[in-house]
Amino acid sequence: MKRLLIFVIVMGAAFHCHAQDNDDFESFRSGLMDGFQSFRQEVLTGYTDFLRTAWEDFNVFRSESRDSKPKPRTAPTVDSPSPQPTTPEPQANHPTPAATPPAPGPAPAVHNNITLDFYGTRLMLPALKEAALRSSDNNGVADFWQALDSQGLGSKTGNALKEIAERHRFNDWMMLKLVETYVANQLSTASADTRIAMRQYLLCHTGYDVRVAQNDGCLALLVPYSTTIYSSSYIDVDGKRFTLVFDAKSGRTTACGSVRTYRLPGERNAGGLINPVFRQAPRVTESMVSVKLTDKKTSVACNVNANLAKLLYDYPQIPLIEYSHSSLQPSFRKELTSQLRQTTAGMTPEAAVGTLLNLVQHAFKYATDQEQFGFEKPLFPEESAIYGINDCEDRALLFSMLIRQVTGLDCLLVEYPGHVACAVRLPEYQGNGTCYSFEGHRYVLADPTFVGAKIGMCMPAYRGSHPKLSKLD
């Protein structure tokens, strides 16, 4: 794994330097692919032999929920009693933009290439030949690999996928989605097991330690994420957690009983993890919409890419602090924060924080994730702007971004059972509101969901509690 990390760091640094000069891209690409081919050869040599070994039974576990306590049905206000949290009925209708529609059918091949619509971005990829998995046991999967190897599919298609990821700055999770979309389009009439086996083959050939397992008569992907994925099924193989992922057409979302899969030797460099964080903004086709955020005193107008909501619809649940590490649409954030810096220019830090707090409290409609989506889904700031509807953790993520980028002040995420707020480091604060001590500094509570609340005001239900505090970078 250390060699993989070094390769990825060097690859990222090289891309940053060379991508600025289009004339050098081809020489850069050639060097990149040479290095990747060497790495991939080390990972995949003899892989079919490991597939043929006797598969073992592994217990399936359910990862924890991020927060099991239900959220309030309505946003509490300063002038009204705190509502009691209740479990809402899941809503059948999804908001617009809705989940990604199923592929209309295989894209036509032109000179053995196809044009794939990937959430509005058109990508050129090699056409996949019809493939069929003979059986879903170890020998059937190994035979499938050998058949694909004999076509040279891994090298050709793996290179194409890697080049697309580099050109478009796709992160690991987007590569996972790209392969899923590609295989669903090209093998739309194949069995679910065949699609799973093809996805695993391609992901291995793009450098990831994605494996395959049998569960209750069908195949599942084993995806090694770099962080916790809440409310998911997983197994542990030699201390490494693999999340189970099923084919969308199989109707399966969770595992039944145990699963059977193979081990790889501990010393073997098996490939990389799937890191869902967006370390750089992806280059995707834009479908810009204008949004206005206002609390009647402060108004800002911005343009945001609506295609991001479609792409992120089924983004996995990860720890909230990691959402703050992602960059999705810098132009939206720059446009938003530059206007708010002008609005707060000349204000004291406390007044600036109060202005941003009031804006986020009033600029959005409130709805829980269950009401809005039917499942838990924290939103990135761009998604909050697109939907115009959010709940407490979404507002906390947006507000904390504004605090750091508009005022430059340090900020914490404050996680209570069933609620998320923020706290801001204000050294000059003289009030007697709710404050928390963190790493030797005092932070003042700022709750963007408690409508009408000033800095330091805490919802009655959480007064005296001891929330989880996390520092935002």
# chains A, B, ... in the order shown; residues from 1 in each chain; ligands from 1
>>> select_by_dssp(residues="region 204-366 of chain A", states="strand (DSSP E)", output="NGL selection string")
:A and (211-215 or 218-223 or 233-237 or 240-245 or 259-261 or 288-294 or 299-305 or 365-366)
>>> residues_around(residues="Ser338 (chain A)", least_positions_apart="3", cutoff="12 Å", atoms="only C-alpha atoms", output="MDAnalysis selection string")
chainID A and resid 300:302 330:335 341:345 402 405:407
>>> residues_around(residues="Asp391 (chain A)", least_positions_apart="3", cutoff="9 Å", atoms="only C-alpha atoms", output="VMD selection string")
chain A and resid 71 75 364 to 369 378 to 379 394 to 396 449
>>> write_last_selection(atoms="N, CA and C atoms", output="tab-separated table (two decimals), in the first residue's frame")
chain	number	residue	atom	x	y	z
A	71	LYS	N	-34.53	13.49	13.94
A	71	LYS	CA	-34.43	14.94	13.96
A	71	LYS	C	-35.81	15.56	14.15
A	75	ALA	N	-38.14	23.13	11.85
A	75	ALA	CA	-37.03	23.89	12.41
A	75	ALA	C	-37.53	24.68	13.61
A	364	PHE	N	-33.36	29.07	3.64
A	364	PHE	CA	-33.76	27.75	3.16
A	364	PHE	C	-35.03	27.27	3.85
A	365	LYS	N	-35.79	26.46	3.13
A	365	LYS	CA	-36.86	25.71	3.76
A	365	LYS	C	-36.24	24.55	4.54
A	366	TYR	N	-36.95	24.11	5.56
A	366	TYR	CA	-36.44	23.00	6.38
A	366	TYR	C	-37.22	21.73	6.08
A	367	ALA	N	-36.49	20.63	5.90
A	367	ALA	CA	-37.10	19.30	5.78
A	367	ALA	C	-36.04	18.29	6.19
A	368	THR	N	-36.46	17.25	6.89
A	368	THR	CA	-35.51	16.20	7.23
A	368	THR	C	-35.16	15.40	5.98
A	369	ASP	N	-34.06	14.66	6.05
A	369	ASP	CA	-33.65	13.84	4.91
A	369	ASP	C	-34.71	12.80	4.57
A	378	PRO	N	-26.63	13.81	3.98
A	378	PRO	CA	-26.05	15.14	4.18
A	378	PRO	C	-25.75	15.79	2.83
A	379	LEU	N	-25.92	17.11	2.77
A	379	LEU	CA	-25.73	17.85	1.54
A	379	LEU	C	-24.47	18.70	1.58
A	394	ASP	N	-26.84	19.92	7.05
A	394	ASP	CA	-26.57	20.64	5.80
A	394	ASP	C	-26.29	22.11	6.08
A	395	ARG	N	-27.08	22.70	6.95
A	395	ARG	CA	-26.88	24.11	7.30
A	395	ARG	C	-25.57	24.30	8.05
A	396	ALA	N	-25.23	23.33	8.89
A	396	ALA	CA	-23.96	23.43	9.61
A	396	ALA	C	-22.78	23.38	8.66
A	449	THR	N	-29.78	26.32	12.45
A	449	THR	CA	-31.12	25.73	12.32
A	449	THR	C	-32.09	26.31	13.33
>>> residues_around(residues="Asp149 (chain A)", least_positions_apart="6", cutoff="12 Å", atoms="only C-alpha atoms", output="PDB file with N, CA and C atoms, in the first residue's frame")
ATOM      1  N   LEU A  44      -1.656  -7.369 -10.446  1.00  0.00           N
ATOM      2  CA  LEU A  44      -2.555  -8.328 -11.077  1.00  0.00           C
ATOM      3  C   LEU A  44      -1.912  -9.639 -11.497  1.00  0.00           C
ATOM      4  N   THR A  45      -0.575  -9.732 -11.456  1.00  0.00           N
ATOM      5  CA  THR A  45       0.084 -10.973 -11.830  1.00  0.00           C
ATOM      6  C   THR A  45      -0.402 -12.121 -10.942  1.00  0.00           C
ATOM      7  N   GLY A  46      -0.923 -13.142 -11.549  1.00  0.00           N
ATOM      8  CA  GLY A  46      -1.389 -14.307 -10.793  1.00  0.00           C
ATOM      9  C   GLY A  46      -2.712 -14.114 -10.086  1.00  0.00           C
ATOM     10  N   TYR A  47      -3.451 -13.014 -10.404  1.00  0.00           N
ATOM     11  CA  TYR A  47      -4.697 -12.753  -9.673  1.00  0.00           C
ATOM     12  C   TYR A  47      -5.720 -13.871  -9.887  1.00  0.00           C
ATOM     13  N   THR A  48      -5.781 -14.412 -11.118  1.00  0.00           N
ATOM     14  CA  THR A  48      -6.761 -15.475 -11.359  1.00  0.00           C
ATOM     15  C   THR A  48      -6.476 -16.711 -10.508  1.00  0.00           C
ATOM     16  N   ALA A 142     -12.895 -16.803 -12.141  1.00  0.00           N
ATOM     17  CA  ALA A 142     -11.535 -16.897 -12.669  1.00  0.00           C
ATOM     18  C   ALA A 142     -11.545 -17.095 -14.190  1.00  0.00           C
ATOM     19  N   ASP A 143     -12.451 -17.934 -14.684  1.00  0.00           N
ATOM     20  CA  ASP A 143     -12.565 -18.134 -16.130  1.00  0.00           C
ATOM     21  C   ASP A 143     -12.964 -16.834 -16.832  1.00  0.00           C
ATOM     22  N   SER A 155      -5.918  -3.894 -20.051  1.00  0.00           N
ATOM     23  CA  SER A 155      -4.955  -2.857 -20.395  1.00  0.00           C
ATOM     24  C   SER A 155      -5.606  -1.734 -21.182  1.00  0.00           C
ATOM     25  N   LYS A 156      -6.343  -2.077 -22.230  1.00  0.00           N
ATOM     26  CA  LYS A 156      -6.942  -1.072 -23.100  1.00  0.00           C
ATOM     27  C   LYS A 156      -7.976  -0.232 -22.359  1.00  0.00           C
ATOM     28  N   THR A 157      -8.908  -0.895 -21.729  1.00  0.00           N
ATOM     29  CA  THR A 157     -10.001  -0.162 -21.083  1.00  0.00           C
ATOM     30  C   THR A 157      -9.537   0.487 -19.789  1.00  0.00           C
ATOM     31  N   GLY A 158      -8.649  -0.189 -19.055  1.00  0.00           N
ATOM     32  CA  GLY A 158      -8.111   0.414 -17.834  1.00  0.00           C
ATOM     33  C   GLY A 158      -7.401   1.719 -18.119  1.00  0.00           C
ATOM     34  N   MET A 198     -17.705  -7.848 -14.176  1.00  0.00           N
ATOM     35  CA  MET A 198     -17.042  -6.906 -15.081  1.00  0.00           C
ATOM     36  C   MET A 198     -16.598  -5.647 -14.324  1.00  0.00           C
ATOM     37  N   TYR A 201     -13.502  -6.476 -12.371  1.00  0.00           N
ATOM     38  CA  TYR A 201     -12.338  -6.636 -13.254  1.00  0.00           C
ATOM     39  C   TYR A 201     -11.786  -5.265 -13.660  1.00  0.00           C
ATOM     40  N   LEU A 202     -12.659  -4.359 -14.073  1.00  0.00           N
ATOM     41  CA  LEU A 202     -12.215  -3.051 -14.524  1.00  0.00           C
ATOM     42  C   LEU A 202     -11.646  -2.216 -13.384  1.00  0.00           C
ATOM     43  N   HIS A 205      -8.255  -3.267 -12.607  1.00  0.00           N
ATOM     44  CA  HIS A 205      -7.328  -2.838 -13.654  1.00  0.00           C
ATOM     45  C   HIS A 205      -7.151  -1.321 -13.694  1.00  0.00           C
TER      46      HIS A 205
END
>>> atom_distance(atom1="CA of Leu293 (chain A)", atom2="CA of Ala309 (chain A)")
17.8 Å
>>> closest_residue(among="A:Lys310, A:Arg260, A:His362, A:Arg252", to="Lys296 (chain A)", atoms="only C-alpha atoms")
A:His362
>>> select_by_dssp(residues="region 116-354 of chain A", states="alpha helix (DSSP H)", output="number ranges by chain")
A: 138-150, 153-168, 172-186, 192-204, 307-311, 320-323, 330-344, 349-354
>>> residues_around(residues="Gly431 (chain A)", least_positions_apart="2", cutoff="10 Å", atoms="only C-alpha atoms", output="list of chain:residue names")
A:Glu428, A:Tyr429, A:Gly433, A:Thr434, A:Cys435, A:Val444, A:Ile455, A:Gly456
>>> write_last_selection(atoms="C-alpha atoms", output="mmCIF file, in the first residue's frame")
data_model
loop_
_atom_site.group_PDB
_atom_site.id
_atom_site.type_symbol
_atom_site.label_atom_id
_atom_site.label_comp_id
_atom_site.auth_asym_id
_atom_site.auth_seq_id
_atom_site.Cartn_x
_atom_site.Cartn_y
_atom_site.Cartn_z
ATOM 1 C CA GLU A 428 -13.524 39.158 22.030
ATOM 2 C CA TYR A 429 -16.917 37.654 22.849
ATOM 3 C CA GLY A 433 -24.129 32.383 25.884
ATOM 4 C CA THR A 434 -23.284 28.709 25.445
ATOM 5 C CA CYS A 435 -19.565 28.174 24.847
ATOM 6 C CA VAL A 444 -19.245 30.292 20.988
ATOM 7 C CA ILE A 455 -24.715 33.801 18.801
ATOM 8 C CA GLY A 456 -24.507 31.774 21.997
#
>>> residues_around(residues="Cys458 (chain A)", least_positions_apart="6", cutoff="10 Å", atoms="only C-alpha atoms", output="PyMOL selection string")
chain A and resi 78+421+433-435+445-447+450+464
>>> residues_around(residues="Phe278 (chain A)", least_positions_apart="2", cutoff="12 Å", atoms="only C-alpha atoms", output="list of chain:residue names")
A:Arg169, A:Phe170, A:Asn171, A:Asp172, A:Trp173, A:Met174, A:Met175, A:Ile274, A:Asn275, A:Pro276, A:Gln280, A:Ala281, A:Pro282, A:Arg283, A:Leu312, A:Tyr315, A:Glu322, A:Tyr323, A:Ser324, A:His325, A:Ser326, A:Ser327, A:Leu328, A:Gln329, A:Pro330, A:Phe380
>>> closest_residue(among="A:Ala160, A:Val291, A:Ala132, A:Leu273", to="Thr227 (chain A)", atoms="only C-alpha atoms")
A:Leu273
>>> atom_distance(atom1="CA of Leu123 (chain A)", atom2="CA of Val277 (chain A)")
22.2 Å
>>> atom_distance(atom1="CA of Lys454 (chain A)", atom2="CA of Ser290 (chain A)")
29.1 Å
